[in-house]
Each structure stands twice: as structure tokens, then as C-alpha cells.
$ cat data.cif   # mmCIF, C-alpha atoms and all ligand atoms
data_coords
#
loop_
_atom_site.label_atom_id
_atom_site.label_comp_id
_atom_site.auth_asym_id
_atom_site.auth_seq_id
_atom_site.Cartn_x
_atom_site.Cartn_y
_atom_site.Cartn_z
CA MET A 1 317.74 55.41 48.47
CA GLU A 2 316.01 53.82 45.46
CA GLU A 3 313.92 56.06 43.32
CA ILE A 4 310.19 55.44 43.66
CA ALA A 5 307.88 55.48 40.62
CA ARG A 6 304.11 55.81 40.64
CA PHE A 7 301.74 54.64 37.92
CA SER A 8 297.99 54.44 37.53
CA VAL A 9 296.05 51.41 36.37
CA THR A 10 292.72 51.25 34.59
CA ILE A 11 290.70 48.31 35.86
CA ASP A 12 287.02 47.43 36.04
CA SER A 13 285.65 48.02 39.52
CA GLU A 14 284.41 44.46 40.03
CA LEU A 15 287.87 43.05 39.35
CA LEU A 16 289.42 45.63 41.70
CA HIS A 17 286.93 44.72 44.42
CA LYS A 18 287.86 41.04 44.08
CA PHE A 19 291.56 41.93 44.18
CA ASP A 20 291.04 43.99 47.35
CA SER A 21 289.24 41.06 49.00
CA ALA A 22 292.03 38.68 48.00
CA ILE A 23 294.81 40.92 49.31
CA GLU A 24 292.90 41.38 52.57
CA GLU A 25 292.70 37.59 52.95
CA ARG A 26 296.44 37.33 52.37
CA GLN A 27 296.92 40.21 54.85
CA TYR A 28 298.86 42.45 52.51
CA PRO A 29 299.05 45.92 54.10
CA ASN A 30 298.07 47.66 50.86
CA ARG A 31 297.59 47.31 47.12
CA SER A 32 301.07 48.59 46.31
CA LYS A 33 302.74 45.77 48.24
CA ALA A 34 300.48 43.17 46.59
CA ILE A 35 301.17 44.54 43.12
CA ARG A 36 304.94 44.64 43.77
CA GLY A 37 304.73 40.92 44.66
CA LEU A 38 302.82 40.15 41.46
CA ILE A 39 305.34 42.06 39.36
CA ARG A 40 308.25 40.18 40.97
CA ASN A 41 306.56 36.80 40.31
CA PHE A 42 305.98 37.82 36.72
CA LEU A 43 309.64 38.77 36.28
CA VAL A 44 310.82 35.47 37.81
CA GLU A 45 308.61 33.57 35.37
CA ARG A 46 310.09 35.56 32.49
CA GLU A 47 313.55 34.36 33.45
CA TRP A 48 312.58 31.03 31.88
CA GLU A 49 312.95 32.76 28.54
CA GLY A 50 316.71 32.79 29.03
CA VAL A 51 316.88 29.03 29.59
CA GLY A 52 318.54 27.16 26.73
CA GLY A 53 317.31 23.90 25.20
CA GLU A 54 313.84 22.49 24.78
CA VAL A 55 311.14 22.75 27.40
CA MET A 56 307.63 21.41 27.82
CA GLY A 57 304.79 23.68 28.79
CA SER A 58 301.13 23.36 29.62
CA LEU A 59 298.98 26.38 29.03
CA THR A 60 295.52 26.62 30.56
CA LEU A 61 293.15 29.11 28.99
CA LEU A 62 289.69 30.14 30.12
CA TYR A 63 287.57 31.97 27.59
CA ASP A 64 284.05 32.81 26.54
CA HIS A 65 283.41 31.07 23.22
CA GLU A 66 280.63 33.57 22.47
CA THR A 67 283.08 36.48 22.27
CA LYS A 68 283.23 37.19 18.57
CA GLY A 69 286.36 35.89 16.90
CA THR A 70 288.06 34.47 20.01
CA PHE A 71 287.81 30.78 19.12
CA GLU A 72 288.94 31.40 15.52
CA LYS A 73 291.90 33.53 16.65
CA LEU A 74 293.04 30.88 19.16
CA ILE A 75 292.85 28.19 16.46
CA ASP A 76 294.72 30.37 13.91
CA ILE A 77 297.61 30.97 16.32
CA GLN A 78 297.85 27.26 17.12
CA HIS A 79 297.87 26.25 13.44
CA ASP A 80 300.59 28.84 12.72
CA ARG A 81 302.74 27.26 15.43
CA CYS A 82 301.62 23.63 15.05
CA LYS A 83 305.21 22.37 15.29
CA ASN A 84 305.21 23.55 18.91
CA ILE A 85 301.70 22.34 19.80
CA ILE A 86 301.70 18.73 20.99
CA SER A 87 298.10 18.36 22.10
CA THR A 88 295.02 20.38 22.96
CA MET A 89 292.19 19.45 25.28
CA HIS A 90 288.97 21.43 25.17
CA ILE A 91 286.43 21.34 27.99
CA HIS A 92 283.00 23.01 27.71
CA LEU A 93 282.57 24.35 31.25
CA ASP A 94 279.06 25.80 30.93
CA GLU A 95 276.91 27.56 28.32
CA HIS A 96 279.52 30.29 27.78
CA ASN A 97 282.89 29.28 29.16
CA CYS A 98 285.49 26.96 27.71
CA MET A 99 288.73 25.73 29.16
CA GLU A 100 291.56 24.76 26.89
CA ILE A 101 294.69 22.97 28.01
CA ILE A 102 297.43 23.20 25.42
CA VAL A 103 300.64 21.19 25.68
CA LEU A 104 303.59 22.95 24.06
CA GLN A 105 307.12 21.94 23.28
CA GLY A 106 310.03 24.00 22.01
CA LEU A 107 312.65 26.50 23.06
CA ALA A 108 311.59 28.34 26.22
CA TYR A 109 311.23 31.67 24.43
CA GLU A 110 309.08 30.09 21.67
CA VAL A 111 306.73 28.45 24.18
CA SER A 112 306.45 31.73 26.15
CA GLN A 113 305.85 33.72 22.98
CA ILE A 114 303.01 31.46 21.78
CA SER A 115 301.46 31.47 25.25
CA ASP A 116 301.58 35.26 25.49
CA LYS A 117 299.88 35.52 22.10
CA LEU A 118 297.10 33.12 23.14
CA ILE A 119 296.60 34.70 26.59
CA GLY A 120 296.49 38.15 24.97
CA CYS A 121 293.57 37.28 22.68
CA LYS A 122 290.38 39.23 23.17
CA GLY A 123 287.87 37.12 25.10
CA VAL A 124 290.48 35.20 27.09
CA LYS A 125 289.58 35.70 30.76
CA HIS A 126 292.46 33.83 32.30
CA GLY A 127 295.60 32.11 31.13
CA LYS A 128 298.50 30.48 32.90
CA LEU A 129 301.57 28.78 31.49
CA ILE A 130 303.43 26.19 33.49
CA LEU A 131 306.88 25.56 32.07
CA SER A 132 308.64 22.32 32.76
CA SER A 133 311.67 20.43 31.52
CA PHE A 134 311.82 16.95 30.05
CA GLY A 135 312.87 15.79 33.49
CA LYS A 136 316.27 14.51 32.34
CA GLU A 137 318.08 17.01 34.56
CA ILE A 138 315.87 16.22 37.53
CA GLY A 139 316.87 12.53 37.64
NI NI A 201 283.77 24.84 24.60
#
$ encode --input "data.cif" --output "C-alpha cells" --more "lines below"
Ligand code: NI
Amino acid sequence: MEEIARFSVTIDSELLHKFDSAIEERQYPNRSKAIRGLIRNFLVEREWEGVGGEVMGSLTLLYDHETKGTFEKLIDIQHDRCKNIISTMHIHLDEHNCMEIIVLQGLAYEVSQISDKLIGCKGVKHGKLILSSFGKEIG
């Protein structure tokens, strides 16, 4: 039998409440099963890092531009890695929130690394990278 591990998570109660509602809608029997599914999805996505050759990626970020330093940090990271940044689109969603769609190109691990850095910035509320190929292999 596989060894079972337990861990605790610190999370703000509003976010946990939303998560509980979402897992109820999806009819997960409990939080543990839902979190195991999320962890598996995360690990599958990470497998892209092992893919050789160049990939394209689109990263969507949602952030509050009023959080001190967030905008500057996001811009700094992009300038540091400008060889991998093809294009950026910025949308002002409301008084506080901005959406940024960043198109990246490079080796899979480079694109993932830059995305992780951007998503990890303070003030970023949500971030999702979609990795894709150049389509040559798809036909
Ligand atoms: Ni904006």
C-alpha cells in the first residue's frame, strides 16, 4: 500500500469558501480528492519542460495595478527576457484590474521559467500559461 502524506495549507477563508463551492459543483467527494486532481494537472503541465526544441506560449495575467511595485516588476522581468517576449497586450479591465496577455517564444523550460516568475509576482491574482508548438508537427 502506498504511503499517505498529510499537509496543511494556509489560505484566506474567502478563497477557501469559493474553492469549496466549486468542488461541490463538480461533485468531488472532498477537498483532498480535488487537490490531488489539481496537483496531477500541475505535474502534467510541468512535463512540457522536458520537451526539446522551441515552443510558443501565451501567458494571461490578471493583476491589480494599484499594488505597489507590481507593474514595474512585471515590466522589469519582461525587459530582462525580451528575446523571449514576442508581444504584450494590456487591457484595463476596471479601475483596479489589468489583464496582460504575453506571447512568448523559446525553449519550453525558458518559457515556463519566465511565466513562473511573472505569475509569482506580488499583486498577480491569476496567471495561466498555455504552451503550444509551432504547429509543424501537427500538420
Ligand atoms: Ni491597466
$ residues_around --input "data.cif" --residues "region 66-72 of chain A" --least-positions-apart "5" --cutoff "9 Å" --atoms "all atoms listed in the file" --output "list in words"
Ile77, His96, Asn97, Cys121, Lys122, Gly123 and Val124 of chain A
$ write_last_selection --input "data.cif" --atoms "C-alpha atoms" --output "short mmCIF file (atom, residue, chain, number, x, y, z; two decimals), in the coordinates of the input"
data_model
loop_
_atom_site.label_atom_id
_atom_site.label_comp_id
_atom_site.auth_asym_id
_atom_site.auth_seq_id
_atom_site.Cartn_x
_atom_site.Cartn_y
_atom_site.Cartn_z
CA ILE A 77 297.61 30.97 16.32
CA HIS A 96 279.52 30.29 27.78
CA ASN A 97 282.89 29.28 29.16
CA CYS A 121 293.57 37.28 22.68
CA LYS A 122 290.38 39.23 23.17
CA GLY A 123 287.87 37.12 25.10
CA VAL A 124 290.48 35.20 27.09
#
$ closest_atom_pairs --input "data.cif" --of "chain A" --to "ligand NI 201 (chain A)" --cutoff "10 Å" --atoms "only C-alpha atoms and all ligand atoms" --output "Markdown table"
| residue | atom | partner | partner_atom | distance |
| --- | --- | --- | --- | --- |
| A:Leu62 | CA | A:NI201 | NI | 9.7 |
| A:Tyr63 | CA | A:NI201 | NI | 8.6 |
| A:Asp64 | CA | A:NI201 | NI | 8.2 |
| A:His65 | CA | A:NI201 | NI | 6.4 |
| A:Glu66 | CA | A:NI201 | NI | 9.5 |
| A:Phe71 | CA | A:NI201 | NI | 9.0 |
| A:His90 | CA | A:NI201 | NI | 6.2 |
| A:Ile91 | CA | A:NI201 | NI | 5.6 |
| A:His92 | CA | A:NI201 | NI | 3.7 |
| A:Leu93 | CA | A:NI201 | NI | 6.8 |
| A:Asp94 | CA | A:NI201 | NI | 7.9 |
| A:Glu95 | CA | A:NI201 | NI | 8.3 |
| A:His96 | CA | A:NI201 | NI | 7.6 |
| A:Asn97 | CA | A:NI201 | NI | 6.4 |
| A:Cys98 | CA | A:NI201 | NI | 4.1 |
| A:Met99 | CA | A:NI201 | NI | 6.8 |
| A:Glu100 | CA | A:NI201 | NI | 8.1 |
$ closest_residue --input "data.cif" --among "A:Glu45, A:Asp116, A:Asp20, A:Glu54" --to "Ile130 (chain A)" --atoms "all atoms listed in the file"
A:Glu45
$ residues_around --input "data.cif" --residues "Val103 (chain A)" --least-positions-apart "4" --cutoff "9 Å" --atoms "all atoms listed in the file" --output "PyMOL selection string"
chain A and resi 56-60+84-89
$ residues_around --input "data.cif" --residues "Ser32 (chain A)" --least-positions-apart "5" --cutoff "12 Å" --atoms "all atoms listed in the file" --output "PyMOL selection string"
chain A and resi 4-9+19-20+23+37-39
$ atom_distance --input "data.cif" --atom1 "CA of Asp12 (chain A)" --atom2 "CA of Leu129 (chain A)"
24.1 Å
$ atom_distance --input "data.cif" --atom1 "CA of Asp80 (chain A)" --atom2 "CA of Leu104 (chain A)"
13.1 Å
$ residues_around --input "data.cif" --residues "Leu15 (chain A)" --least-positions-apart "6" --cutoff "12 Å" --atoms "only C-alpha atoms" --output "PyMOL selection string"
chain A and resi 21-22+125
$ atom_distance --input "data.cif" --atom1 "CA of Asp76 (chain A)" --atom2 "CA of Leu107 (chain A)"
20.5 Å
$ decode --input "data.cif" --residues "region 13-51 of chain A" --atoms "N, CA and C atoms" --output "PDB file, in the first residue's frame"
ATOM      1  N   SER A  13      -9.903  32.726   3.961  1.00  0.00           N
ATOM      2  CA  SER A  13     -11.159  31.991   4.086  1.00  0.00           C
ATOM      3  C   SER A  13     -12.101  32.225   2.905  1.00  0.00           C
ATOM      4  N   GLU A  14     -12.038  33.395   2.302  1.00  0.00           N
ATOM      5  CA  GLU A  14     -12.912  33.673   1.161  1.00  0.00           C
ATOM      6  C   GLU A  14     -12.543  32.769  -0.026  1.00  0.00           C
ATOM      7  N   LEU A  15     -11.240  32.633  -0.250  1.00  0.00           N
ATOM      8  CA  LEU A  15     -10.772  31.782  -1.343  1.00  0.00           C
ATOM      9  C   LEU A  15     -11.152  30.323  -1.088  1.00  0.00           C
ATOM     10  N   LEU A  16     -11.029  29.891   0.169  1.00  0.00           N
ATOM     11  CA  LEU A  16     -11.391  28.516   0.530  1.00  0.00           C
ATOM     12  C   LEU A  16     -12.885  28.286   0.323  1.00  0.00           C
ATOM     13  N   HIS A  17     -13.688  29.274   0.679  1.00  0.00           N
ATOM     14  CA  HIS A  17     -15.135  29.162   0.509  1.00  0.00           C
ATOM     15  C   HIS A  17     -15.480  28.994  -0.972  1.00  0.00           C
ATOM     16  N   LYS A  18     -14.818  29.791  -1.819  1.00  0.00           N
ATOM     17  CA  LYS A  18     -15.049  29.687  -3.265  1.00  0.00           C
ATOM     18  C   LYS A  18     -14.618  28.323  -3.797  1.00  0.00           C
ATOM     19  N   PHE A  19     -13.488  27.837  -3.276  1.00  0.00           N
ATOM     20  CA  PHE A  19     -12.989  26.518  -3.694  1.00  0.00           C
ATOM     21  C   PHE A  19     -13.986  25.433  -3.305  1.00  0.00           C
ATOM     22  N   ASP A  20     -14.509  25.521  -2.064  1.00  0.00           N
ATOM     23  CA  ASP A  20     -15.491  24.535  -1.603  1.00  0.00           C
ATOM     24  C   ASP A  20     -16.736  24.543  -2.483  1.00  0.00           C
ATOM     25  N   SER A  21     -17.191  25.737  -2.873  1.00  0.00           N
ATOM     26  CA  SER A  21     -18.370  25.826  -3.749  1.00  0.00           C
ATOM     27  C   SER A  21     -18.076  25.181  -5.097  1.00  0.00           C
ATOM     28  N   ALA A  22     -16.870  25.451  -5.623  1.00  0.00           N
ATOM     29  CA  ALA A  22     -16.501  24.910  -6.936  1.00  0.00           C
ATOM     30  C   ALA A  22     -16.397  23.384  -6.895  1.00  0.00           C
ATOM     31  N   ILE A  23     -15.820  22.846  -5.824  1.00  0.00           N
ATOM     32  CA  ILE A  23     -15.676  21.378  -5.782  1.00  0.00           C
ATOM     33  C   ILE A  23     -17.033  20.706  -5.541  1.00  0.00           C
ATOM     34  N   GLU A  24     -17.939  21.420  -4.901  1.00  0.00           N
ATOM     35  CA  GLU A  24     -19.294  20.884  -4.721  1.00  0.00           C
ATOM     36  C   GLU A  24     -20.007  20.824  -6.077  1.00  0.00           C
ATOM     37  N   GLU A  25     -19.837  21.884  -6.868  1.00  0.00           N
ATOM     38  CA  GLU A  25     -20.430  21.903  -8.211  1.00  0.00           C
ATOM     39  C   GLU A  25     -19.915  20.763  -9.072  1.00  0.00           C
ATOM     40  N   ARG A  26     -18.612  20.493  -8.944  1.00  0.00           N
ATOM     41  CA  ARG A  26     -18.005  19.411  -9.731  1.00  0.00           C
ATOM     42  C   ARG A  26     -18.226  18.043  -9.093  1.00  0.00           C
ATOM     43  N   GLN A  27     -18.891  18.040  -7.943  1.00  0.00           N
ATOM     44  CA  GLN A  27     -19.245  16.810  -7.211  1.00  0.00           C
ATOM     45  C   GLN A  27     -18.028  15.987  -6.781  1.00  0.00           C
ATOM     46  N   TYR A  28     -16.978  16.701  -6.385  1.00  0.00           N
ATOM     47  CA  TYR A  28     -15.861  15.999  -5.754  1.00  0.00           C
ATOM     48  C   TYR A  28     -16.327  15.591  -4.355  1.00  0.00           C
ATOM     49  N   PRO A  29     -15.965  14.377  -3.896  1.00  0.00           N
ATOM     50  CA  PRO A  29     -16.416  13.963  -2.560  1.00  0.00           C
ATOM     51  C   PRO A  29     -15.785  14.772  -1.432  1.00  0.00           C
ATOM     52  N   ASN A  30     -14.595  15.288  -1.639  1.00  0.00           N
ATOM     53  CA  ASN A  30     -13.937  16.059  -0.579  1.00  0.00           C
ATOM     54  C   ASN A  30     -12.800  16.912  -1.147  1.00  0.00           C
ATOM     55  N   ARG A  31     -12.274  17.763  -0.297  1.00  0.00           N
ATOM     56  CA  ARG A  31     -11.179  18.656  -0.712  1.00  0.00           C
ATOM     57  C   ARG A  31      -9.939  17.875  -1.132  1.00  0.00           C
ATOM     58  N   SER A  32      -9.637  16.807  -0.395  1.00  0.00           N
ATOM     59  CA  SER A  32      -8.413  16.051  -0.696  1.00  0.00           C
ATOM     60  C   SER A  32      -8.416  15.546  -2.128  1.00  0.00           C
ATOM     61  N   LYS A  33      -9.570  15.014  -2.562  1.00  0.00           N
ATOM     62  CA  LYS A  33      -9.639  14.478  -3.929  1.00  0.00           C
ATOM     63  C   LYS A  33      -9.474  15.609  -4.949  1.00  0.00           C
ATOM     64  N   ALA A  34     -10.090  16.750  -4.679  1.00  0.00           N
ATOM     65  CA  ALA A  34      -9.978  17.895  -5.591  1.00  0.00           C
ATOM     66  C   ALA A  34      -8.532  18.380  -5.671  1.00  0.00           C
ATOM     67  N   ILE A  35      -7.868  18.450  -4.540  1.00  0.00           N
ATOM     68  CA  ILE A  35      -6.487  18.938  -4.515  1.00  0.00           C
ATOM     69  C   ILE A  35      -5.552  17.933  -5.190  1.00  0.00           C
ATOM     70  N   ARG A  36      -5.811  16.647  -5.014  1.00  0.00           N
ATOM     71  CA  ARG A  36      -4.995  15.634  -5.717  1.00  0.00           C
ATOM     72  C   ARG A  36      -5.106  15.817  -7.233  1.00  0.00           C
ATOM     73  N   GLY A  37      -6.327  16.107  -7.704  1.00  0.00           N
ATOM     74  CA  GLY A  37      -6.539  16.350  -9.144  1.00  0.00           C
ATOM     75  C   GLY A  37      -5.771  17.570  -9.615  1.00  0.00           C
ATOM     76  N   LEU A  38      -5.798  18.629  -8.836  1.00  0.00           N
ATOM     77  CA  LEU A  38      -5.074  19.852  -9.198  1.00  0.00           C
ATOM     78  C   LEU A  38      -3.570  19.599  -9.260  1.00  0.00           C
ATOM     79  N   ILE A  39      -3.070  18.846  -8.282  1.00  0.00           N
ATOM     80  CA  ILE A  39      -1.632  18.556  -8.248  1.00  0.00           C
ATOM     81  C   ILE A  39      -1.238  17.723  -9.470  1.00  0.00           C
ATOM     82  N   ARG A  40      -2.071  16.751  -9.838  1.00  0.00           N
ATOM     83  CA  ARG A  40      -1.760  15.925 -11.023  1.00  0.00           C
ATOM     84  C   ARG A  40      -1.733  16.785 -12.286  1.00  0.00           C
ATOM     85  N   ASN A  41      -2.728  17.683 -12.441  1.00  0.00           N
ATOM     86  CA  ASN A  41      -2.754  18.573 -13.612  1.00  0.00           C
ATOM     87  C   ASN A  41      -1.498  19.428 -13.677  1.00  0.00           C
ATOM     88  N   PHE A  42      -1.108  19.924 -12.522  1.00  0.00           N
ATOM     89  CA  PHE A  42       0.087  20.763 -12.432  1.00  0.00           C
ATOM     90  C   PHE A  42       1.315  19.981 -12.899  1.00  0.00           C
ATOM     91  N   LEU A  43       1.418  18.731 -12.435  1.00  0.00           N
ATOM     92  CA  LEU A  43       2.581  17.907 -12.789  1.00  0.00           C
ATOM     93  C   LEU A  43       2.596  17.576 -14.279  1.00  0.00           C
ATOM     94  N   VAL A  44       1.408  17.353 -14.856  1.00  0.00           N
ATOM     95  CA  VAL A  44       1.325  17.073 -16.299  1.00  0.00           C
ATOM     96  C   VAL A  44       1.810  18.300 -17.074  1.00  0.00           C
ATOM     97  N   GLU A  45       1.359  19.472 -16.650  1.00  0.00           N
ATOM     98  CA  GLU A  45       1.796  20.704 -17.317  1.00  0.00           C
ATOM     99  C   GLU A  45       3.313  20.868 -17.242  1.00  0.00           C
ATOM    100  N   ARG A  46       3.885  20.472 -16.120  1.00  0.00           N
ATOM    101  CA  ARG A  46       5.337  20.620 -15.939  1.00  0.00           C
ATOM    102  C   ARG A  46       6.113  19.702 -16.873  1.00  0.00           C
ATOM    103  N   GLU A  47       5.469  18.666 -17.353  1.00  0.00           N
ATOM    104  CA  GLU A  47       6.168  17.746 -18.251  1.00  0.00           C
ATOM    105  C   GLU A  47       6.617  18.451 -19.531  1.00  0.00           C
ATOM    106  N   TRP A  48       5.924  19.552 -19.869  1.00  0.00           N
ATOM    107  CA  TRP A  48       6.317  20.332 -21.040  1.00  0.00           C
ATOM    108  C   TRP A  48       7.772  20.789 -20.942  1.00  0.00           C
ATOM    109  N   GLU A  49       8.232  20.957 -19.717  1.00  0.00           N
ATOM    110  CA  GLU A  49       9.593  21.445 -19.521  1.00  0.00           C
ATOM    111  C   GLU A  49      10.629  20.506 -20.132  1.00  0.00           C
ATOM    112  N   GLY A  50      10.291  19.233 -20.236  1.00  0.00           N
ATOM    113  CA  GLY A  50      11.207  18.255 -20.776  1.00  0.00           C
ATOM    114  C   GLY A  50      11.180  18.194 -22.302  1.00  0.00           C
ATOM    115  N   VAL A  51      10.251  18.919 -22.909  1.00  0.00           N
ATOM    116  CA  VAL A  51      10.125  18.881 -24.369  1.00  0.00           C
ATOM    117  C   VAL A  51      11.278  19.657 -24.996  1.00  0.00           C
TER     118      VAL A  51
END
